Every structure is written in structure tokens, then in C-alpha cells.
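K.L.:
Below: one structure in C-alpha cells.
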2 protein chains.
Amino acid sequence: MSKQNMIIGQSGGPTAVINSSLAGAIDYAFKENDDGIVYGMINGIQGLLDENLINLNEIFKNKPSRINRLRLTPAMYLGSCRYKLSNTDEEFERIVKVLEKYDIGYFFYIGGNDSMDTVDKLSKYTISHGIDIKVVGIPKTIDNDLVGIDHSPGFGSAAKYMALAVREVAYDTSIYAIKSVHIIEAMGRNAGWITAASALARDAGTLAPHLIYLPEIEFSVEQFVKDVREKLENYNSVIVVVSEGLKDKNGEYICVRSANEDTFGHAALSGTGAYLKSVVEKEIGCKVRSLEPSVLQRSSGHTSSLTDVMEAFNLGTVAVRAALDGETGVFSSLKRTSNTPYTVEYCTEKVSVIANAEKKVPRKWINEAGNDVTQELIEYIRPLLRGIPQVPYINGLPDYMDISHLDNKKQSYN
Amino acid sequence: MSKQNMIIGQSGGPTAVINSSLAGAIDYAFKENDDGIVYGMINGIQGLLDENLINLNEIFKNKPSRINRLRLTPAMYLGSCRYKLSNTDEEFERIVKVLEKYDIGYFFYIGGNDSMDTVDKLSKYTISHGIDIKVVGIPKTIDNDLVGIDHSPGFGSAAKYMALAVREVAYDTSIYAIKSVHIIEAMGRNAGWITAASALARDAGTLAPHLIYLPEIEFSVEQFVKDVREKLENYNSVIVVVSEGLKDKNGEYICVRSANEDTFGHAALSGTGAYLKSVVEKEIGCKVRSLEPSVLQRSSGHTSSLTDVMEAFNLGTVAVRAALDGETGVFSSLKRTSNTPYTVEYCTEKVSVIANAEKKVPRKWINEAGNDVTQELIEYIRPLLRGIPQVPYINGLPDYMDISHLDNKKQSYN
């Protein structure tokens with residue numbers, strides 16, 4: 001009966017539904033591994049190394065209404081870290097020592113490509129050293145760039161936010177009978193999925209966005225100006241959605257490049273929209289505004305997609321079941337078995353396929369001119385936005401789980 | 001039976017609930033003035049001068065589900081203009097000529113201070129020239145700076161958006177155990193009501209925003225840096241909300257001042273948040289981000305407050321009833337008769353009191369240090385956010401009224 005305990009952590013950037021995966025995992029663990037404790041790592045693998053853990057049984061066991069609130073609270077209840085494992089035996093030994101100290105037989109990590117790299121390496125280390133700890137990943141990312149899964153949990157809600165924001169900006173800007181251009185900058189450094197999802201805004205009484213530029217296509221400022229001019233011939237108010245990661249033919253970002261890079265070596269970008277705003281001002285001279293929804297697009301719990309919330313929950317469940325069944329070095333995944341009606345089937349995949357790989361928008365789902373997406377892409381994304389979760393409200397505002405435990409006074413300046 | 005028709009227009013900037021006032025006005029007109037036609041001015045007074053009108057009976061009469069969708073569609077179904085009347089007799093003659101041509105006896109204008117100025121002048125002109133046309137205003141503005149009314153329709157929804165955005169940003173930024181500062185820039189050039197409303201974010205498991213700076217208080221960059229440093233002693237993630245209209249002791253805006261001014265002589269501002277971001281980067285050196293929700297805070301129909309939607313509707317009703325009762329030169333208004341429980345009473349007020357006046361946040365509702373608001377202000381705003389309207393959704397996105405009639409090919413470059 002030793003090592004029946006579990007530990008779970010969250011890593012990478014936030015989404016609207018990571019906590020739903022956490023809720024699904026602990027809900028299943030409480031039911032099927034009744035004798036065990038589920039620990040949470042505060043601030044990911046960093047929290048494990050520092051033994052900064054919380055006992056999730058004490059907070060959530062036999063508290064279904066708390067689990068439901070957790071399910072609908074955006075961002076990360078356990079906090080995150082950008083810590084990258086050094087991959088030294090010394091570090092893995094330290095991790096295993098902590099896991100053994102707490103009788104932990106099951107390790108779960110909710111994250112994106114980088115986090116799955118951690119799962120991959122830790123599972124290989126435990127196998128090669130004959131240590132009986134199951135290591136299982138639970139995927140998440142707003143970017144939808146994970147391979148080995150039809151779409152990433154978190155993407156549906158970010159996609160919905162972007163479509164909604166573009167639609168409401170279109171309504172806002174339609175009111176004046178003057179020429180105007182609005183440029184909305186979407187997240188997604190290398191993969192243009194969120195940018196592409198803005199096309200879903202078109203369903204109601206608006207044709208916005210009129211132009212969509214993905215990072216998968218080499219960007220030409222000259223062609224952009226030509227495209228905008230052409231749209232202004234037919235519409236007063238032109239809405240353009242651009243990816244933060246647009247690059248020109250020389251591979252240079254269309255923005256002011258920051259000297260800083262994040263821990264994983266990704267360049268820190270900002271200003272694609274702001275730069276293109278200045279281009280329109282100079283070349284066309286009409287009213288122009290640049291909007292950057294920034295982090296609102298990834299942590300907007302009040303607009304989350306119910307489909308996304310439910311799938312994230314189920315992927316938490318599937319990961320725990322797989323680990324209890326003896327699987328390791330895998331992540332919980334889903335396949336789309338039908339689009340009309342939309343159905344999925346859950347499974348596990350080897351985590352090695354997901355780690356450090358990137359799924360981009362395929363060329364065939366981008367129009368020939370490279371300034372819009374195709375109907376097939378719209379049909380792929382549409383079901384992921386469906387459903388309105390019953391977020392609990394108090395005084396007109398969402399009543400999310402208290403996260404004050406995250407500001408735990410272990411302060412550091414970067 | 002001549003002059004039984006009505007005309008209604010919208011002016012100024014958009015809000016989430018201006019169309020609810022339109023819905024309330026036409027709904028009452030269809031019932032109580034059954035023989036008359038209600039015309040809509042496309043793009044405000046400009047549309048009237050150009051005879052660019054639509055027949056609202058054709059679109060909405062005996063179509064309750066359309067009126068309901070209109071009620072929940074943000075921005076302005078009839079479009080807006082920033083046209084300022086020249087106040088010449090020639091222009092008023094032109095307006096009256098159009099009104100008489102269409103047998104119009106009732107003129108309604110939904111707008112803010114500037115629009116109420118139009119109502120004031122037109123009503124004085126009709127009275128002094130013995131013309132029997134009733135001229136009535138319906139108030140709106142996200143800024144809550146109108147006098148003669150407890151609070152402005154549109155403010156409750158903008159306030160709710162801001163509180164919600166701050167809360168979700170707080171969740172997003174709480175995940176890393178590093179020091180960070182987020183600066184959120186709110187609309188409201190001279191009156192800090194929306195900035196102040198961010199304090200409502202504090203209800204859930206977050207203490208954000210930690211600092212609030214209103215345009216009513218002289219801003220000191222030095223004190224700001226001191227305040228932020230102090231908060232960083234106690235919290236990892238510090239959230240600051242600033243008004244776009246902050247000014248220093250010399251009356252200079254805390255931002256890069258644009259050379260452009262709008263038609264009404266208001267300076268075009270941008271960059272308070274961006275400027276203060278650079279200050280924090282330089283003086284403190286921790287991670288810092290600036291967010292500008294921009295137009296999303298004023299046209300966010302999906303987060304509108306049901307209280308706001310209903311009050312805006314009722315103010316449309318009250319305006320039409322007043323005009324049919326023979327009132328002119330007034331606007332529909334509301335008084336708060338109780339805060340717990342929250343109740344209001346509708347009335348009309350002379351439009352001359354509202355025109356070109358501005359209601360600012362009183363000093364007693366701002367803390368002594370000038371970097372936060374008091375509990376009384378929070379209690380004043382709280383009821384205005386309450387209630388979640390049943391916005392119709394299709395495919396996970398709000399199904400708003402078609403507004404394609406606004407892009408009517410009468411195109412102009414500013």
C-alpha cells in the first residue's frame with residue numbers, strides 16, 4: 001500500500017480551462033484512489049523541488065461545489081513556473097527523493113510542449129532507474145500547437161474570446177460613416193490558430209475580420225497596404241487581425257524586437273499591431289487603431305467554451321485513469337471522431353511525440369492570397385467554441401476560487 | 001392627425017446599452033402612438049440633415065423577438081456622428097424642414113453631454129419659433145459624467161467590464177512567483193468613474209487592484225513609484241488601474257500627447273499606461289505589462305449588466321411618454337430611492353442642466369492618499385453591475401442584430 005499518493009502540477013502560461021483539468025484529475029483520484037492523498041505542487045516543478053506542496057484532499061475531497069468552482073476558475077490554481085529541468089541525474093534524483101518522501105506513485109503535469117518535455121524526461125529516468133512512479137502529462141495551451149491531439153484544451157476558449165472581441169470591436173467601429181482601420185493583435189508566436197479563429201466572428205451581422213494574417217505565411221508590408229486599400233474601397237470600417245509572430249521574407253519579426261528572451265529561448269515580442277498602425281497612418285492616412293487584448297484572451301473565464309471546459313475536465317480524468325492502469329510516459333489525448341455532430345474519443349499518446357513539436361495551421365487552410373482562412377478551418381474550429389458554462393456570479397461578477405495561497409511571500413525579483 | 005410621426009437618433013460614442021434605450025423608445029411608441037411611424041436617423045443629426053432615414057416600423061413593429069435582440073446588441077444600431085451643430089438659424093431651419101416633410105412631431109436623441117446640447121438648442125429654437133415639435137433627450141455614456149441623473153446608462157456595463165477584466169488579469173498574473181506590475185488603462189478623460197469601478201474586482205479571491213489613480217487627483221510620478229514599491233513589499237503581483245486622463249501638477253497629461261483633437265475640441269490621448277510602464281521598468285526594474293482594453297470596455301455586450309440594460313430600456317420608454325405628454329427640452333432621468341435594496345424612480349429633467357456639464361468623482365469618495373477609492377464609492381457602484389442578461393447565443397457567440405445597413409457606401413475619408 002505504499003506509494004499510493006499522487007502529485008499534480010501546472011506549468012507554462014495560463015488558459016481558461018487548466019483548472020478544469022485539475023478538477024477532473026482530482027475528482028477521479030478521490031473516487032478511484034480513495035486511500036491516497038493528492039498533493040499539488042505550488043508553482044510547478046519548482047514547488048516540487050522546494051517541497052512547496054499543498055494537500056488537495058483537505059481542500060477539495062467531498063466538496064463537489066468547490067470542485068465545480070475550480071472547474072470554472074481561469075488561470076492556474078496551483079501556480080506556474082517557467083523552470084526548465086537541467087536534465088542532470090542530480091536534479092532527477094532530487095525529484096524522486098521528494099516523491100518517495102511523500103509516498104507518491106503517480107506524477108501528473110498539466111502543460112504545453114515544454115512541460116511535456118519534462119514529463120518525457122522524468123518518465124524515461126524513472127523507467128531506466130527501475131523506479132515505480134507513473135509519470136503522465138495532461139495537455140493544455142491556448143496556442144493549439146500541440147501534436148498528437150486533435151486540438152489543445154484552452155484553445156477553444158481563447159478562440160472564442162478572439163472571435164467575440166473581433167465581433168464586438170466590429171460593432172463598436174461600425175457606428176461612424178468614416179473610413180477606419182482597426183488592427184487586432186492575437187497571441188500565437190509560431191502557430192496562427194488564435195489569429196485564424198477570429199474568422200468565426202463573421203457569423204452575425206458583420207463581415208469582420210476583413211483580413212487575417214497568420215505567422216505561417218511570409219508577411220509583406222507592401223501587400224498588406226495594398227490589401228487594406230482594396231478593402232477600404234468596399235467597406236468604411238476595415239478590421240484586420242494579425243498574429244504577434246508575423247515575419248517578413250528575411251525571417252525578421254514585423255515589430256520592434258525586444259532584446260529579452262524568455263527562459264526557453266523564445267524571443268519576447270510586442271508591437272506587431274502598433275507597428276502596422278503606424279504603417280496605415282503613413283501610407284493610407286485614415287483613422288486607425290491598434291488593439292492588443294493581451295492576457296485577457298487567455299484567462300477569460302467568463303467567456304470560456306463549455307466544450308473546452310468539459311474536454312479539459314475529461315482529459316484530467318483520463319490521465320489519472322491511465323496512470324492507475326499502469327501507463328507512464330504518456331499524455332491524455334482526444335481524437336475527433338465526427339464533426340457533424342461533433343464527437344470525440346479519449347485516449348493516451350506517447351509523450352515523446354508531443355514534446356518540443358509544433359503543429360502549425362496547414363497551408364491548405366489558408367487562402368491563396370495568404371490574407372484569410374478557408375471554410376474548412378472555420379468548420380474545424382466552430383464546434384470548439386460551443387456552449388456557455390454556468391459560471392457562478394455574485395454581484396454581477398464571476399465568483400472564482402480564492403487564489404491568495406499563490407502569493408506566498410516567497411518573493412524574488414525575476 | 002398631422003405630425004404624429006417620431007424620429008430617433010443616436011450620437012456620441014457607443015455603449016453596451018444604447019440600443020436598449022432605442023428598443024424601449026420604439027416599443028413604447030408602437031404601443032402608445034400606434035398610427036405613427038418611427039424613423040431612425042442613420043448616423044445621428046448628420047443623417048437627418050442628409051435625409052438618410054430608415055423606417056423602424058418596417059423592421060421592428062410586431063416583432064418582439066427582434067426588439068429583444070436589439071435590446072441586447074451593443075454599440076449603435078442607427079450609427080453615430082460627431083457632427084456639432086453650428087447653431088445657425090439656417091441649420092435649424094433645415095432640420096425643421098426635414099422634420100415637417102416627414103410629419104414628425106417628436107424628436108428623440110440618445111447621447112451624452114454634447115448630444116444633450118443639441119437637444120437643448122433645438123428645443124429652444126422650436127419653442128422660440130412656435131414650432132410644435134417635442135424635443136426630448138435620452139441619456140447615455142460609459143463615463144458616468146452626466147449631471148441630473150443618479151448614474152448614466154452604459155456606465156454599469158463599462159464598470160462591470162473593467163472590474164471583470166481586472167479580476168481576470170489578476171488571476172492570470174498570480175501564477176508566477178516573481179515580482180510583477182500590471183498597469184491597466186481605463187477610459188474616462190476627466191471623470192474617473194470607470195477607473196474607480198475597477199475596485200469592484202476585489203470581491204473574489206483577489207485583492208487587485210492594489211492602486212487606483214483617478215483624473216480627479218493631481219498625479220505625481222514620484223509618488224506613484226513610491227506607492228508601487230510599497231505594494232511590491234507585500235505582494236508579488238501588483239495591479240494598478242489608471243485613468244487615460246491623468247494630469248500632473250502643471251495640468252499636463254501623463255502620456256504622449258497627440259497633436260490631433262476631436263471635433264468637440266477634446267484632446268486625443270493615448271499612452272498613460274504605456275508611459276507608466278516605462279517608468280516602472282526604469283525605476284523598479286521588475287516584470288511590467290501595460291494593458292489597454294480600449295473600445296472593448298464600451299461595446300462589450302456579452303458582459304453587459306442586466307440592471308443597466310433594463311434601466312436604459314426604461315429611460316427610452318420614459319422619454320417617449322414625456323414627449324407624448326407634451327414635454328420638450330427635457331431628458332429622461334432616474335433617481336436612486338434606496339441602495340439596499342436598490343430601487344430607482346424615473347422622471348424627466350430640464351436638458352439645460354445636463355448639456356456641457358460634467359459630474360466628477362467627489363473627493364470624499366477617494367482615499368486621502370489619492371491612490372484608491374472609498375467603500376462608499378464601491379457601494380454606490382455595486383448595484384449597477386448586477387444581473388446577467390440572457391444574450392442569445394449561436395455557436396457559442398452572441399447573436400446580435402445585423403448592422404450591415406450602417407456601411408451604406410456613403411464613404412468619406414474623415
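Starting from 1 in every chain, residues are counted up; chains themselves are A, B, ... following the order of the C-alpha cells, and ligands are numbered from 1 as listed.
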When you get a sec, could you note down which chain A residues fall within 6 Å of chain B, using only C-alpha atoms, as a PDB file with C-alpha atoms, in the first residue's frame?

P.N.:
ATOM      1  CA  ALA A  75      -5.581  30.605 -14.943  1.00  0.00           C
ATOM      2  CA  GLY A  79       0.531  28.493  -9.998  1.00  0.00           C
ATOM      3  CA  SER A  80       3.099  28.010 -12.702  1.00  0.00           C
ATOM      4  CA  CYS A  81       6.800  28.226 -13.333  1.00  0.00           C
ATOM      5  CA  TYR A 171     -19.947  46.648 -33.778  1.00  0.00           C
ATOM      6  CA  ASP A 172     -18.133  49.460 -31.995  1.00  0.00           C
ATOM      7  CA  ILE A 175     -21.066  53.455 -35.979  1.00  0.00           C
ATOM      8  CA  TYR A 176     -19.189  56.202 -37.804  1.00  0.00           C
ATOM      9  CA  ILE A 178     -15.900  57.425 -41.961  1.00  0.00           C
ATOM     10  CA  LYS A 179     -13.063  55.257 -43.199  1.00  0.00           C
ATOM     11  CA  ALA A 204     -23.548  37.507 -37.112  1.00  0.00           C
ATOM     12  CA  GLY A 205     -24.387  40.724 -38.920  1.00  0.00           C
ATOM     13  CA  SER A 299      -7.576  33.946 -18.869  1.00  0.00           C
ATOM     14  CA  LEU A 385     -16.490  27.343 -29.174  1.00  0.00           C
ATOM     15  CA  ARG A 386     -19.880  25.881 -28.361  1.00  0.00           C
ATOM     16  CA  GLY A 387     -21.642  26.034 -25.030  1.00  0.00           C
ATOM     17  CA  ASN A 395     -22.939  40.909  -7.602  1.00  0.00           C
ATOM     18  CA  GLY A 396     -22.682  40.617 -11.381  1.00  0.00           C
ATOM     19  CA  ASP A 399     -17.133  34.083  -8.252  1.00  0.00           C
ATOM     20  CA  ASP A 402      -9.633  32.097  -3.915  1.00  0.00           C
ATOM     21  CA  ILE A 403      -6.014  32.066  -5.139  1.00  0.00           C
ATOM     22  CA  SER A 412      12.022  37.024  -5.877  1.00  0.00           C
ATOM     23  CA  TYR A 413      12.891  39.664  -8.450  1.00  0.00           C
ATOM     24  CA  ASN A 414      12.859  37.582 -11.673  1.00  0.00           C
TER      25      ASN A 414
END

K.L.:
Which residues in segment 98-162 of chain B does DSSP call strand (DSSP E)? List them as a PDB file with N, CA, C and O atoms, in the first residue's frame.

P.N.:
ATOM      1  N   ILE B 104     -43.130  64.840 -38.703  1.00  0.00           N
ATOM      2  CA  ILE B 104     -42.561  64.423 -37.429  1.00  0.00           C
ATOM      3  C   ILE B 104     -42.891  65.439 -36.337  1.00  0.00           C
ATOM      4  O   ILE B 104     -42.585  66.626 -36.474  1.00  0.00           O
ATOM      5  N   GLY B 105     -43.528  64.948 -35.280  1.00  0.00           N
ATOM      6  CA  GLY B 105     -43.880  65.809 -34.158  1.00  0.00           C
ATOM      7  C   GLY B 105     -43.020  65.565 -32.925  1.00  0.00           C
ATOM      8  O   GLY B 105     -43.107  66.303 -31.944  1.00  0.00           O
ATOM      9  N   TYR B 106     -42.210  64.511 -32.976  1.00  0.00           N
ATOM     10  CA  TYR B 106     -41.430  64.116 -31.788  1.00  0.00           C
ATOM     11  C   TYR B 106     -40.000  63.752 -32.198  1.00  0.00           C
ATOM     12  O   TYR B 106     -39.797  62.885 -33.061  1.00  0.00           O
ATOM     13  N   PHE B 107     -39.076  64.409 -31.579  1.00  0.00           N
ATOM     14  CA  PHE B 107     -37.660  64.218 -31.906  1.00  0.00           C
ATOM     15  C   PHE B 107     -36.939  63.683 -30.667  1.00  0.00           C
ATOM     16  O   PHE B 107     -36.970  64.300 -29.600  1.00  0.00           O
ATOM     17  N   PHE B 108     -36.274  62.529 -30.795  1.00  0.00           N
ATOM     18  CA  PHE B 108     -35.535  61.925 -29.657  1.00  0.00           C
ATOM     19  C   PHE B 108     -34.068  61.754 -30.022  1.00  0.00           C
ATOM     20  O   PHE B 108     -33.746  61.324 -31.133  1.00  0.00           O
ATOM     21  N   TYR B 109     -33.213  62.074 -29.079  1.00  0.00           N
ATOM     22  CA  TYR B 109     -31.785  61.950 -29.348  1.00  0.00           C
ATOM     23  C   TYR B 109     -31.136  61.260 -28.143  1.00  0.00           C
ATOM     24  O   TYR B 109     -31.242  61.732 -27.008  1.00  0.00           O
ATOM     25  N   ILE B 110     -30.487  60.131 -28.404  1.00  0.00           N
ATOM     26  CA  ILE B 110     -29.819  59.367 -27.346  1.00  0.00           C
ATOM     27  C   ILE B 110     -28.345  59.743 -27.369  1.00  0.00           C
ATOM     28  O   ILE B 110     -27.663  59.535 -28.381  1.00  0.00           O
ATOM     29  N   GLY B 111     -27.844  60.311 -26.291  1.00  0.00           N
ATOM     30  CA  GLY B 111     -26.435  60.707 -26.305  1.00  0.00           C
ATOM     31  C   GLY B 111     -25.957  61.240 -24.977  1.00  0.00           C
ATOM     32  O   GLY B 111     -26.668  61.197 -23.965  1.00  0.00           O
ATOM     33  N   LYS B 134     -41.886  68.255 -30.265  1.00  0.00           N
ATOM     34  CA  LYS B 134     -41.337  67.977 -28.936  1.00  0.00           C
ATOM     35  C   LYS B 134     -39.935  67.393 -29.102  1.00  0.00           C
ATOM     36  O   LYS B 134     -39.739  66.459 -29.898  1.00  0.00           O
ATOM     37  N   VAL B 135     -38.991  67.920 -28.342  1.00  0.00           N
ATOM     38  CA  VAL B 135     -37.584  67.505 -28.453  1.00  0.00           C
ATOM     39  C   VAL B 135     -37.133  66.958 -27.100  1.00  0.00           C
ATOM     40  O   VAL B 135     -37.098  67.695 -26.110  1.00  0.00           O
ATOM     41  N   VAL B 136     -36.823  65.665 -27.057  1.00  0.00           N
ATOM     42  CA  VAL B 136     -36.516  65.018 -25.775  1.00  0.00           C
ATOM     43  C   VAL B 136     -35.220  64.200 -25.884  1.00  0.00           C
ATOM     44  O   VAL B 136     -35.005  63.495 -26.871  1.00  0.00           O
ATOM     45  N   GLY B 137     -34.389  64.309 -24.872  1.00  0.00           N
ATOM     46  CA  GLY B 137     -33.131  63.562 -24.839  1.00  0.00           C
ATOM     47  C   GLY B 137     -33.243  62.269 -24.044  1.00  0.00           C
ATOM     48  O   GLY B 137     -34.074  62.141 -23.137  1.00  0.00           O
ATOM     49  N   ILE B 138     -32.413  61.308 -24.417  1.00  0.00           N
ATOM     50  CA  ILE B 138     -32.292  60.058 -23.656  1.00  0.00           C
ATOM     51  C   ILE B 138     -30.802  59.919 -23.332  1.00  0.00           C
ATOM     52  O   ILE B 138     -29.981  59.862 -24.241  1.00  0.00           O
ATOM     53  N   PRO B 139     -30.448  59.895 -22.049  1.00  0.00           N
ATOM     54  CA  PRO B 139     -29.026  59.973 -21.703  1.00  0.00           C
ATOM     55  C   PRO B 139     -28.288  58.656 -21.917  1.00  0.00           C
ATOM     56  O   PRO B 139     -28.871  57.576 -21.816  1.00  0.00           O
TER      57      PRO B 139
END

K.L.:
Looking at A:Pro64, A:Leu211, A:Lys360, A:Lys226, which one is nearest to Val238 of chain A, with distances taken over only C-alpha atoms?

P.N.:
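Going through A:Pro64, A:Leu211, A:Lys360, A:Lys226 one by one, the smallest distance to Val238 of chain A is for A:Leu211.
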
K.L.:
Just list as number ranges by chain whatever in segment 46-206 of chain A DSSP marks as alpha helix (DSSP H).

P.N.:
A: 46-49, 56-60, 64-71, 89-101, 113-128, 155-173, 193-197

K.L.:
Which residue, A:His129, A:Arg189, A:Lys31, A:Lys231, has the smallest gap to Tyr253 of chain A when you use only C-alpha atoms?

P.N.:
A:Arg189

K.L.:
Need to verify the contact set: Ser332 of chain B, 10 Å, only C-alpha atoms, exclusion of same-chain residues closer than 3 positions in sequence. Can you return it as a list in words?

P.N.:
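Here the answer would be Val136, Gly137, Ile138, Pro139, Gly148, Ile149, Ala312, Asn314, Leu315, Gly316, Thr317, Val318, Ala319, Val320, Arg321, Ala322, Tyr346, Cys347, Thr348, Glu349, Lys350 and Val351 of chain B.
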
K.L.:
Here is a test: counting only C-alpha atoms, which residue of A:Tyr83, A:Glu345, A:Asp132, A:Ile127 is nearest to Gln4 of chain A?

P.N.:
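Among the listed residues, the smallest separation from Gln4 of chain A belongs to A:Asp132.
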
K.L.:
Which polymer residues have any atom within 9 Å of an atom of His210 of chain A, counting only C-alpha atoms, with same-chain residues fewer than 6 positions away left out, as a list in words?

P.N.:
Ala199, Val228, Lys231, Val238, Ile239, Val240, Val241, Asn371 and Asp372 of chain A

K.L.:
Those selected residues, please, written with all heavy atoms and delivered as a PDB file, in the first residue's frame.

P.N.:
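Generated file (out.pdb):
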ATOM      1  N   ALA A 199     -11.892  34.484 -37.550  1.00  0.00           N
ATOM      2  CA  ALA A 199     -12.828  34.346 -38.676  1.00  0.00           C
ATOM      3  C   ALA A 199     -14.216  33.933 -38.205  1.00  0.00           C
ATOM      4  O   ALA A 199     -15.218  34.175 -38.885  1.00  0.00           O
ATOM      5  CB  ALA A 199     -12.296  33.330 -39.688  1.00  0.00           C
ATOM      6  N   VAL A 228      -5.331  46.342 -47.588  1.00  0.00           N
ATOM      7  CA  VAL A 228      -6.156  47.239 -46.771  1.00  0.00           C
ATOM      8  C   VAL A 228      -6.824  48.285 -47.665  1.00  0.00           C
ATOM      9  O   VAL A 228      -8.024  48.557 -47.544  1.00  0.00           O
ATOM     10  CB  VAL A 228      -5.326  47.907 -45.647  1.00  0.00           C
ATOM     11  CG1 VAL A 228      -6.141  48.978 -44.924  1.00  0.00           C
ATOM     12  CG2 VAL A 228      -4.839  46.860 -44.647  1.00  0.00           C
ATOM     13  N   LYS A 231      -9.768  46.739 -49.430  1.00  0.00           N
ATOM     14  CA  LYS A 231     -10.930  46.547 -48.562  1.00  0.00           C
ATOM     15  C   LYS A 231     -11.616  47.886 -48.267  1.00  0.00           C
ATOM     16  O   LYS A 231     -12.846  47.962 -48.181  1.00  0.00           O
ATOM     17  CB  LYS A 231     -10.523  45.873 -47.243  1.00  0.00           C
ATOM     18  CG  LYS A 231     -10.074  44.427 -47.405  1.00  0.00           C
ATOM     19  CD  LYS A 231     -11.211  43.510 -47.826  1.00  0.00           C
ATOM     20  CE  LYS A 231     -10.708  42.097 -48.090  1.00  0.00           C
ATOM     21  NZ  LYS A 231     -11.756  41.235 -48.668  1.00  0.00           N
ATOM     22  N   VAL A 238     -12.658  48.742 -41.690  1.00  0.00           N
ATOM     23  CA  VAL A 238     -11.937  47.511 -42.024  1.00  0.00           C
ATOM     24  C   VAL A 238     -11.238  46.981 -40.769  1.00  0.00           C
ATOM     25  O   VAL A 238     -10.528  47.713 -40.079  1.00  0.00           O
ATOM     26  CB  VAL A 238     -10.906  47.772 -43.148  1.00  0.00           C
ATOM     27  CG1 VAL A 238      -9.985  46.563 -43.339  1.00  0.00           C
ATOM     28  CG2 VAL A 238     -11.638  48.103 -44.446  1.00  0.00           C
ATOM     29  N   ILE A 239     -11.500  45.702 -40.477  1.00  0.00           N
ATOM     30  CA  ILE A 239     -10.913  45.069 -39.290  1.00  0.00           C
ATOM     31  C   ILE A 239      -9.875  44.044 -39.758  1.00  0.00           C
ATOM     32  O   ILE A 239     -10.180  43.175 -40.578  1.00  0.00           O
ATOM     33  CB  ILE A 239     -11.982  44.332 -38.465  1.00  0.00           C
ATOM     34  CG1 ILE A 239     -13.210  45.227 -38.257  1.00  0.00           C
ATOM     35  CG2 ILE A 239     -11.387  43.794 -37.173  1.00  0.00           C
ATOM     36  CD1 ILE A 239     -13.283  45.984 -37.000  1.00  0.00           C
ATOM     37  N   VAL A 240      -8.687  44.165 -39.231  1.00  0.00           N
ATOM     38  CA  VAL A 240      -7.584  43.282 -39.605  1.00  0.00           C
ATOM     39  C   VAL A 240      -7.105  42.560 -38.353  1.00  0.00           C
ATOM     40  O   VAL A 240      -6.911  43.194 -37.316  1.00  0.00           O
ATOM     41  CB  VAL A 240      -6.402  44.093 -40.186  1.00  0.00           C
ATOM     42  CG1 VAL A 240      -5.315  43.160 -40.725  1.00  0.00           C
ATOM     43  CG2 VAL A 240      -6.877  45.051 -41.264  1.00  0.00           C
ATOM     44  N   VAL A 241      -6.939  41.250 -38.429  1.00  0.00           N
ATOM     45  CA  VAL A 241      -6.375  40.519 -37.294  1.00  0.00           C
ATOM     46  C   VAL A 241      -5.002  39.999 -37.694  1.00  0.00           C
ATOM     47  O   VAL A 241      -4.849  39.393 -38.762  1.00  0.00           O
ATOM     48  CB  VAL A 241      -7.301  39.368 -36.841  1.00  0.00           C
ATOM     49  CG1 VAL A 241      -6.709  38.651 -35.635  1.00  0.00           C
ATOM     50  CG2 VAL A 241      -8.684  39.915 -36.487  1.00  0.00           C
ATOM     51  N   ASN A 371      -4.161  36.007 -46.978  1.00  0.00           N
ATOM     52  CA  ASN A 371      -4.716  37.051 -46.097  1.00  0.00           C
ATOM     53  C   ASN A 371      -6.073  36.664 -45.520  1.00  0.00           C
ATOM     54  O   ASN A 371      -6.830  37.517 -45.067  1.00  0.00           O
ATOM     55  CB  ASN A 371      -4.789  38.391 -46.827  1.00  0.00           C
ATOM     56  CG  ASN A 371      -5.643  38.319 -48.086  1.00  0.00           C
ATOM     57  OD1 ASN A 371      -6.419  37.373 -48.245  1.00  0.00           O
ATOM     58  ND2 ASN A 371      -5.502  39.295 -48.964  1.00  0.00           N
ATOM     59  N   ASP A 372      -6.363  35.377 -45.495  1.00  0.00           N
ATOM     60  CA  ASP A 372      -7.622  34.895 -44.917  1.00  0.00           C
ATOM     61  C   ASP A 372      -7.499  33.388 -44.714  1.00  0.00           C
ATOM     62  O   ASP A 372      -6.500  32.781 -45.123  1.00  0.00           O
ATOM     63  CB  ASP A 372      -8.808  35.228 -45.837  1.00  0.00           C
ATOM     64  CG  ASP A 372     -10.135  35.348 -45.074  1.00  0.00           C
ATOM     65  OD1 ASP A 372     -10.240  34.795 -43.959  1.00  0.00           O
ATOM     66  OD2 ASP A 372     -11.057  35.987 -45.599  1.00  0.00           O
TER      67      ASP A 372
END

K.L.:
One decimal, Å: what's the distance from atom CA of Leu214 of chain A over to atom CA of Ala369 of chain A, could you say?

P.N.:
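A separation of 11.6 Å between them.
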
K.L.:
For a test of reading the model, state the distance in Å between atom CA of Gly271 of chain B and atom CA of Ser115 of chain B, rounded to one decimal.

P.N.:
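A separation of 27.4 Å between them.
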
K.L.:
Go ahead and compute the interatomic distance for atom CA of Thr126 of chain A and atom CA of Asn57 of chain A, in Å to one decimal.

P.N.:
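About the pair atom CA of Thr126 of chain A and atom CA of Asn57 of chain A: they are 25.9 Å apart.
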
K.L.:
Hey, which of A:Ile59, A:Asp35, A:Ala23, A:Ser152 ends up closest to Met6 of chain A? Count only C-alpha atoms.

P.N.:
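Comparing A:Ile59, A:Asp35, A:Ala23, A:Ser152 against Met6 of chain A, the winner is A:Asp35.
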